[in-house]
Amino acid sequence: MRLSLAQVEHVAQLAQLGLTAEEKELFREQLSSILEYAERLQELDTSQIPPTATVLPLENVMRDDRVQPSLPLDDVLANAPAVEDQCFRVPVVLEGEG
Amino acid sequence: MSDLTGLTIRQAQDLLERGEVSSVELTQSVLDRIVALDNEIRAYLTLTPESALEQAAEADARRTGGARPSALLGIPVAIKDLICVEGVPNTCGSRILENYVPPFSATAVEKLRQAGAVILGKTNTDEFAMGSSTENSAFFPTRNPWDLSRVPGGSSGGSAAAVAAGMAFGALGSDTGGSVRQPASYCGVVGIKPTYGRISRWGLVAFASSLDQIGCFARTASDAALLLETIAGYDPRDSTSVEAPVPEYGVSLTGEVRGLRIGVPREYLLEGMQPEVESAVRTSLETLASLGAEIVEVSLPHTEYALPVYYLIAPAEASANLARYDGLRYGLSSPGTDLWDSYRQTRGQGFGPEVKRRIMLGTYALSTGYYDAYYLKASQVRTLIRRDFDRALEQCDVLVAPTAPTTAFKLGEKLDDPLQMYLQDIFTLALSLAGLGGLSVPCGFDAEGLPIGLQIMGGAFDEATILQVAHAYQEVTDWHTRRPGLKAVAG
């Protein structure tokens with residue numbers, strides 16, 4: 001399983017991860033060998049085996065829709081890089097609008 | 001008292017109860033030791049001495065106030081920097097959270113504080129708990145108190161090293177694939193990762209949500225039981241915490257293992273593992289047999305697949321969890337030419353190499369065209385691994401095996417080869433995938449004087465039996481009473 005540079009760049013784009021040229025080359029090598037190692041899973045016949053996503057017999061947790069105390073707004077916004085009018089300030093998402 | 005920092009939690013609690021020492025004195029002695037040692041060991045990322053001494057004074061006041069004290073009242077402990085403490089930086093060992101100060105405490109931390117434990121500070125970790133040596137911390141590596149040229153293990157290496165060096169009486173860590181048990185083994189302390197769901201993960205920064213679980217470090221199983229009992233239990237804020245009663249673990253610490261069946265999985269004693277590790281584990285089994293336990297051989301036939309399963313599932317979950325670091329609400333923000341460029345700049349600059357590697361691996365395993373072959377396949381093999389444990393635990397009460405295939409390795413030794421690093425977790429991954437509880441207890445030393453860990457694994461929510469076996473073992477062995485020779489450093 002050898003990854004191409006184009007595959008590495010595609011995955012980096014999916015993950016919104018800025019990588020340098022050196023990182024792309026390094027990850028191409030390293031991910032290839034890790035995936036090659038993972039190939040051994042194909043030895044097992046799992047056609048009749050259900051996947052495990054969680055080890056617990058979890059069910060949806062429901063509660064009454066009641067107002068509860070929450071963190072003070074100033075505390076929540078204290079870690080934000082940019083704040084305006086008690087909101088998170090973010091870059092323009094849709095060009096040419098607003 | 002000559003050396004308060006060498007005491008166990010129970011010994012320290014006795015002195016506190018008898019009024020022979022105050023929590024302020026106890027806390028000050030630990031802080032002094034941190035000042036003397038931590039320039040070399042570097043277990044702590046953030047130290048909070050003033051609030052620690054305030055908390056200690058409060059604990060002393062509570063005690064003289066006559067309230068029936070909890071077993072942790074006035075006991076100084078450390079918290080892995082992946083678990084939020086209100087008002088104290090929580091970096092996760094990452095540049096991307098370097099300036100993040102959480103406005104709330106994790107449930108586990110709240111419970112420690114309610115019990116009167118004193119929080120000393122935040123301990124070093126591999127970035128977002130991704131690593132086996134604490135070398136992936138964006139800030140600095142932690143060193144092993146037994147040999148400063150070696151790693152403490154990881155990812156909870158700071159917590160393990162702090163407890164081993166007498167720089168905390170106990171500590172919290174987190175374990176996704178072995179990150180409590182493996183550093184406990186390398187540092188010669190007890191580390192317990194309970195069953196998934198036993199401890200609320202509210203306030204634990206997410207790495208791989210189907211695997212992450214908070215765990216505890218201490219010098220003895222008896223102390224670890226106190227920590228676990230304090231922080232375990234259902235929490236409405238974590239829908240994966242389980243509404244099962246939390247036993248009084250102390251009741252199980254009888255010193256008896258007579259009649260217990262101890263399974264030894266044959267896949268865990270491999271050709272080519274460090275011979276001293278194998279012989280220490282075999283000797284420990286003889287010790288347990290001499291106490292009346294019955295030793296039976298069992299098989300966990302899919303053990304060899306745990307590593308590839310883990311290194312597909314955990315990165316896949318991580319790639320989703322770490323999508324939240326977008327530079328908008330908290331954390332590092334590197335403005336780019338537009339929104340998308342800002343994401344890429346922020347994440348490219350904020351994450352270190354191992355985190356990027358795993359996000360890439362996980363994104364690939366989940367991507368169109370590869371999902372079935374990698375993520376789905378790994379999730380199916382995970383079912384086979386769970387069934388292995390179910391079958392084995394039908395034949396015995398606990399399983400016993402090495403915690404890690406070797407003792408602590410040298411700093412830098414495995415940094416260039418991720419696969420070699422991942423292999424350090426080979427004996428801890430399968431249990432995490434099965435969601436069960438496990439503990440590492442010191443069981444010997446190699447020729448270099450480095451600690452060896454014995455792993456005790458149990459059935460779902462049966463931490464009581466794990467602790468029972470570990471405690472009985474520690475009653476008749478003295479490995480845990482040895483201290484690293486740090487005097488030269490301490491001066």
# chains A, B, ... in the order shown; residues from 1 in each chain; ligands from 1
$ closest_atom_pairs --of "chain B" --to "chain A" --cutoff "6 Å" --atoms "only C-alpha atoms" --output "CSV"
residue,atom,partner,partner_atom,distance
B:Pro103,CA,A:Asp75,CA,5.9
B:Ser210,CA,A:Thr54,CA,5.6
B:Pro308,CA,A:Ala38,CA,4.8
B:Arg329,CA,A:Ala80,CA,4.6
B:Tyr330,CA,A:Ala80,CA,4.5
B:Leu339,CA,A:Pro91,CA,5.7
B:Arg344,CA,A:Gly18,CA,4.3
B:Gln345,CA,A:Gly18,CA,5.6
B:Arg347,CA,A:Leu17,CA,5.6
B:Gly348,CA,A:Gly18,CA,4.3
B:Ser379,CA,A:Pro51,CA,4.6
B:Gln380,CA,A:Pro51,CA,4.0
B:Thr383,CA,A:Thr52,CA,5.4
B:Gly435,CA,A:Val55,CA,5.9
$ write_last_selection --atoms "N, CA and C atoms" --output "PDB file, in the first residue's frame"
ATOM      1  N   PRO B 103     -12.891  27.255  31.891  1.00  0.00           N
ATOM      2  CA  PRO B 103     -13.767  27.915  32.857  1.00  0.00           C
ATOM      3  C   PRO B 103     -14.500  26.925  33.766  1.00  0.00           C
ATOM      4  N   SER B 210     -14.486   6.326  22.075  1.00  0.00           N
ATOM      5  CA  SER B 210     -14.955   4.994  22.450  1.00  0.00           C
ATOM      6  C   SER B 210     -13.932   4.262  23.313  1.00  0.00           C
ATOM      7  N   PRO B 308      -3.003  -3.106  14.894  1.00  0.00           N
ATOM      8  CA  PRO B 308      -3.584  -2.445  13.719  1.00  0.00           C
ATOM      9  C   PRO B 308      -5.029  -1.972  13.940  1.00  0.00           C
ATOM     10  N   ARG B 329     -13.141  29.602  18.493  1.00  0.00           N
ATOM     11  CA  ARG B 329     -13.753  29.756  19.821  1.00  0.00           C
ATOM     12  C   ARG B 329     -12.729  29.766  20.941  1.00  0.00           C
ATOM     13  N   TYR B 330     -11.639  29.033  20.763  1.00  0.00           N
ATOM     14  CA  TYR B 330     -10.559  29.017  21.763  1.00  0.00           C
ATOM     15  C   TYR B 330      -9.332  28.458  21.085  1.00  0.00           C
ATOM     16  N   LEU B 339     -11.412  31.837   5.280  1.00  0.00           N
ATOM     17  CA  LEU B 339     -11.755  30.942   6.385  1.00  0.00           C
ATOM     18  C   LEU B 339     -11.009  29.609   6.276  1.00  0.00           C
ATOM     19  N   ARG B 344      -6.473  25.827   7.972  1.00  0.00           N
ATOM     20  CA  ARG B 344      -5.260  25.066   7.638  1.00  0.00           C
ATOM     21  C   ARG B 344      -4.022  25.651   8.308  1.00  0.00           C
ATOM     22  N   GLN B 345      -3.956  26.988   8.352  1.00  0.00           N
ATOM     23  CA  GLN B 345      -2.814  27.633   9.022  1.00  0.00           C
ATOM     24  C   GLN B 345      -2.824  27.314  10.519  1.00  0.00           C
ATOM     25  N   ARG B 347      -4.313  24.921  12.226  1.00  0.00           N
ATOM     26  CA  ARG B 347      -4.100  23.509  12.552  1.00  0.00           C
ATOM     27  C   ARG B 347      -2.701  23.053  12.156  1.00  0.00           C
ATOM     28  N   GLY B 348      -2.197  23.580  11.052  1.00  0.00           N
ATOM     29  CA  GLY B 348      -0.849  23.237  10.602  1.00  0.00           C
ATOM     30  C   GLY B 348       0.204  23.721  11.585  1.00  0.00           C
ATOM     31  N   SER B 379     -13.326  -2.177  13.123  1.00  0.00           N
ATOM     32  CA  SER B 379     -14.424  -2.250  14.098  1.00  0.00           C
ATOM     33  C   SER B 379     -14.962  -3.675  14.228  1.00  0.00           C
ATOM     34  N   GLN B 380     -14.911  -4.428  13.131  1.00  0.00           N
ATOM     35  CA  GLN B 380     -15.340  -5.835  13.192  1.00  0.00           C
ATOM     36  C   GLN B 380     -14.326  -6.686  13.947  1.00  0.00           C
ATOM     37  N   THR B 383     -14.667  -6.474  17.583  1.00  0.00           N
ATOM     38  CA  THR B 383     -15.659  -7.401  18.145  1.00  0.00           C
ATOM     39  C   THR B 383     -15.004  -8.743  18.473  1.00  0.00           C
ATOM     40  N   GLY B 435     -12.733  -2.490  26.297  1.00  0.00           N
ATOM     41  CA  GLY B 435     -13.391  -1.583  27.233  1.00  0.00           C
ATOM     42  C   GLY B 435     -13.287  -2.009  28.690  1.00  0.00           C
TER      43      GLY B 435
END
$ select_by_dssp --residues "segment 204-241 of chain B" --states "strand (DSSP E)" --output "ChimeraX atom specification"
/B:213-218
$ select_by_dssp --residues "segment 236-371 of chain B" --states "alpha helix (DSSP H)" --output "PyMOL selection string"
chain B and resi 275-290+306-321+339-350+353-366
$ residues_around --residues "Gly178 of chain B" --least-positions-apart "5" --cutoff "10 Å" --atoms "only C-alpha atoms" --output "PyMOL selection string"
chain B and resi 131-132+153-156+183-184+191-193+212+403-404+424-432+438-440
$ atom_distance --atom1 "atom CA of Leu454 of chain B" --atom2 "atom CA of Lys410 of chain B"
20.9 Å
$ closest_residue --among "B:Glu248, B:Asp341, B:Asp446, B:Glu394" --to "Val277 of chain B" --atoms "only C-alpha atoms"
B:Asp446
$ closest_residue --among "B:Val85, B:Thr337, B:Glu317, B:Leu486" --to "Leu361 of chain B" --atoms "only C-alpha atoms"
B:Glu317
